[in-house]
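Chemist: My questions will all concern the structure given below.
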Amino acid sequence: MALGEASISPRLHLAEQTRWRTPEILFWLATLTPYFLFPNYLSLASQIAIAALFALSLDLILGYAGIVSLGHAAFFGIGAYTAGLLSKYGWGEPLSGLVVAAFAAGVVGYATSFVICRFRHLALIMLTLGFGLLLAELANTLGWITGGMDGLQGIHTWKLLGTFPFDLYGRAAYAYALVVLFILFLFARRLIHSPFGLSLRGIRENFVRMPAIGAPSRGHIRTIYTIAACIAGVAGALLAQTTETVSLDSLGFERSAEIVVMLVLGGAGRLYGGIVGATIYVVARDQFSGVVPQYWYFWIGILLVAVVVFLPNGIVGGLTQLAARWGRK
Amino acid sequence: MRGLICGFAALTLGLIATAADAQDTVKIGLIMSYSGQFADAAAQIDNAIKLYMKQHGDTVAGKKIELIRKDTGGIAPDVAKRLAQELIVRDHADIIAGFVLTPNALAAADVSAEAKKFMVVMNAATSIITTKSPYLARTSVTTPMLNGTLGNWAAKHGIKRAYTMVSDYGPGIDAESAFHTGFKSAGGEIVGSVRFPVANPDFSAFIQRAKDANPDAIYIWIPGGAQPAAVGKALAERGIDPSKVKVLGQDALTAESAVKSMGDAALGIITCANYDFNHQSALNRAFVEAYNEDFKRNPDFFSIGGYDGMHLIYETLKKTGGKTDGDSLIAAAKGMSWESPRGPMSIDPETRDVIETVYINRVERVGGRLLNVELDKVEAVKDPVKAQMKK
C-alpha cells in the first residue's frame, strides 16, 4: 500500500479517497437487482431510494459537519409541498419539479443557516426541533394552501420524460428515484472528498480552531447546510411525485426522528451509512409490520440499541472495520 | 447467476401458487394504523372484523375469505398508497378495506380507482373520501353528518345562542363548519367561536371566555384521547351548570373511557353519535355481549364501522355470486340496506356513502354507571357536504 506517498501529498491523498473500490461498484450494481429478483417490490424499493437520499442529505450535515438536526424533515416537507403544489396547479413535469423543489428548500435552508452556524450541540438540537415544529404548525394553519390535515389533493405527475407513466407496479418510480439518488450521491461523494469536505470534518472535530488554518467555520456550515437542504428537498419532491400524495407528516417531527435513526443504524459520516440504514429500516418495517404490526417498533428499538452498543460507527462502520481486519491477516 | 435462477424459480412458483388459489379465495387487504398513536382504533375495528367472521364463518359464496393485515403506523399517505399497490399487485388482494385516518384513505382511494378494486372505508370520516374512487363505499359516518345534525337539532330544541370551540386542524374545522351551518339553518345564532391547538392541555381559559359570552350552549369538538378529562376539569372549575348552559359535542367527547376520566363533570353533556354500546335494541345487546366475551371490552364507534364493513363485503359477495371485480361489487353495494347493531343503515346508491340514524345522546347516571342515554334521534341522515356539492 502506498501509504507513505499518499499521506505526503494532499492531492494524492484525496485522489486515493475518490478511487472507486470493488465493493462500491458491486453495491450500485446490486441496486438494479430488484428489477429481476423482486419485480413486485419496486414501489417499496423506490421508497427506500427516497429515504436513502434523505438520509444522505442528513449525513452531509450530521455525519460530516457535526450539525445535529432533529428538524431536517422541514426541508423534505418543503420540497414535497413545492412539487405537489406545482403539480396541483398544472405543472406536473417531474424533472423541472425537482429543480424547483430543490431551489425552494435551498432558499429556506440558506436563510436558516445564518442562525444554525452560530450554535453547536444541544442548542442546535433545540433550534432545529423548534424550527421543524414551527413549520409543521404553519402548514397546518395554512390549510387553504397545504390541504391541512387531509393532505394536498389533486396531484398528478406527468409521464417521466414524456414516455414512462408512474403506474401501480412502480417501475418508473424506482428507476426515477434510483437515478436521482445515484447522481446526487456522486455529487456528495465528490464534495466530501474535496478540500471543502476535509475542512467540514475539521469543523466537526474542532469548530473554533478551523478558522486558524484558513477554513471559515461559519461560512462552510452555511454552505453545507444549504446543500443538504436542497438534497432533502429533492427527496421530498421525489416522494410527492412518485406517490402523488403530500401530507403534514412529510414535515413532521416523526419523519425527522426516523431519518436520524436510519442514519445512526447505517453509520453516520460514511456516505453509504444512510443508504444501508434506510434499506434496513424500511425493509424491517415492511416485514415486521406484516407479521405482528403492533410491535414492529420493538424490533427496531432492539436493533438500534444493539447497533449503538456494539457497532458505534453503525453497520457500515462495523463492516469496514471487519473488512480492514480481514485484509490485514 | 445462481441467485437469479433461484429468484426466477421462486417467482414462477409464486405465480403458480397464486393462480391456483385465486379461484377459491377472496383476499381482503386491511390497511390500518395498527401501531402508533391511533393503534387502539385499528384494534377495535380489527376485533369487530374477527367477531363478524367468527359469527358468519369464513366462507362466502363458496369462497374462503383471507385477510392480509398491513400497518401504516399513523398518518402516512405515502405508505398507505404503497401498501394498497402492493396488496393488489403482489398479494392479488380483491378488496381493500379498513382505513382509520382520512389522509391514508384518500391516498389508497387513488389506487382503488386506478386498479378498479372495491374499497371499504371503515372509519375515516371526511366527506370527500367517497368522491376519490368510483369503487369506494363507506360504512362509518362523516363528521358533517353528525355535527350538522346536532347543530340543527340544538336550534330546534330551545338553544338560540351557541359558542363553539374546536381543535384547530382538519376534522375540527370540518365539525365546526358543519355545526355552524346546521345551527344557523334552523335559526340559531353563533355568538363566538374559537379554535385551540390540537395538543392543548388546559381548557380553562377557553371555557371562561365561552362562559363570558353568555351563550345557551357551548359546543366542543376535540379528538378524544387525554383531552376529555381536561375539558371535564375545566368545565367543573369554571362552574358551568348543565341545567343553564348546555355542553354539546361529538361522540369522542363522551366515549366510554372519556366519561370514566371525566367523572361527574360529564353528566348532562349532549353528543351526536352514529353508535354507542348503550343503544337499546336486541341486536345490539347480543353484539355487545358477544364482543365482551371475546375481547373483554365494549365495542365503540370504531368497532361498528368494522363490523358493518365486513357485513357489506359479505353481502356484496353473496349478491355477485363470488365475483370480485370492482364493477360487480360496487354495483352490488349501491343501495344495499340492512339492520345493524347501530340501527337501520344503507349505502347511498348515488354517493356510495352511508345513510344512517344519528342519535342525540346525553350522559346520565344509570344504575351507578355514567352512560350515554338516547335523548332523540334523526333518521336516514345523508352527508350534507356532498348534497351541497351537487347543488
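Following the order of the C-alpha cells, chains are lettered A, B, ..., residues in each are numbered from 1, and ligands are numbered from 1.
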Chain B residues within 8 Å of chain A, counting only C-alpha atoms: which ones, as a count of residues only?

Modeler: 30

Chemist: For Ile203 of chain A, please output as a PyMOL selection string all residues within 10 Å (counting only C-alpha atoms; exclusion window: fewer than 2 positions along the same chain).

Modeler: chain A and resi 64-67+197-201+205-211+215-218+220-221

Chemist: Do you have the atom CA of Glu93 of chain A-atom CA of Thr131 of chain B distance handy?

Modeler: 25.5 Å

Chemist: What separation in Å, quoted to one decimal, exists between atom CA of Thr142 of chain B and atom CA of Ala255 of chain B?

Modeler: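 Computed distance, atom CA of Thr142 of chain B to atom CA of Ala255 of chain B, equals 17.1 Å.
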
Chemist: Counting only C-alpha atoms, what is within 8 Å of segment 256-269 of chain B, bar same-chain residues fewer than 2 positions away, as a PyMOL selection string?

Modeler: chain B and resi 224-226+228-233+235-236+242-243+246-249+252-254+271+362-365+370-371
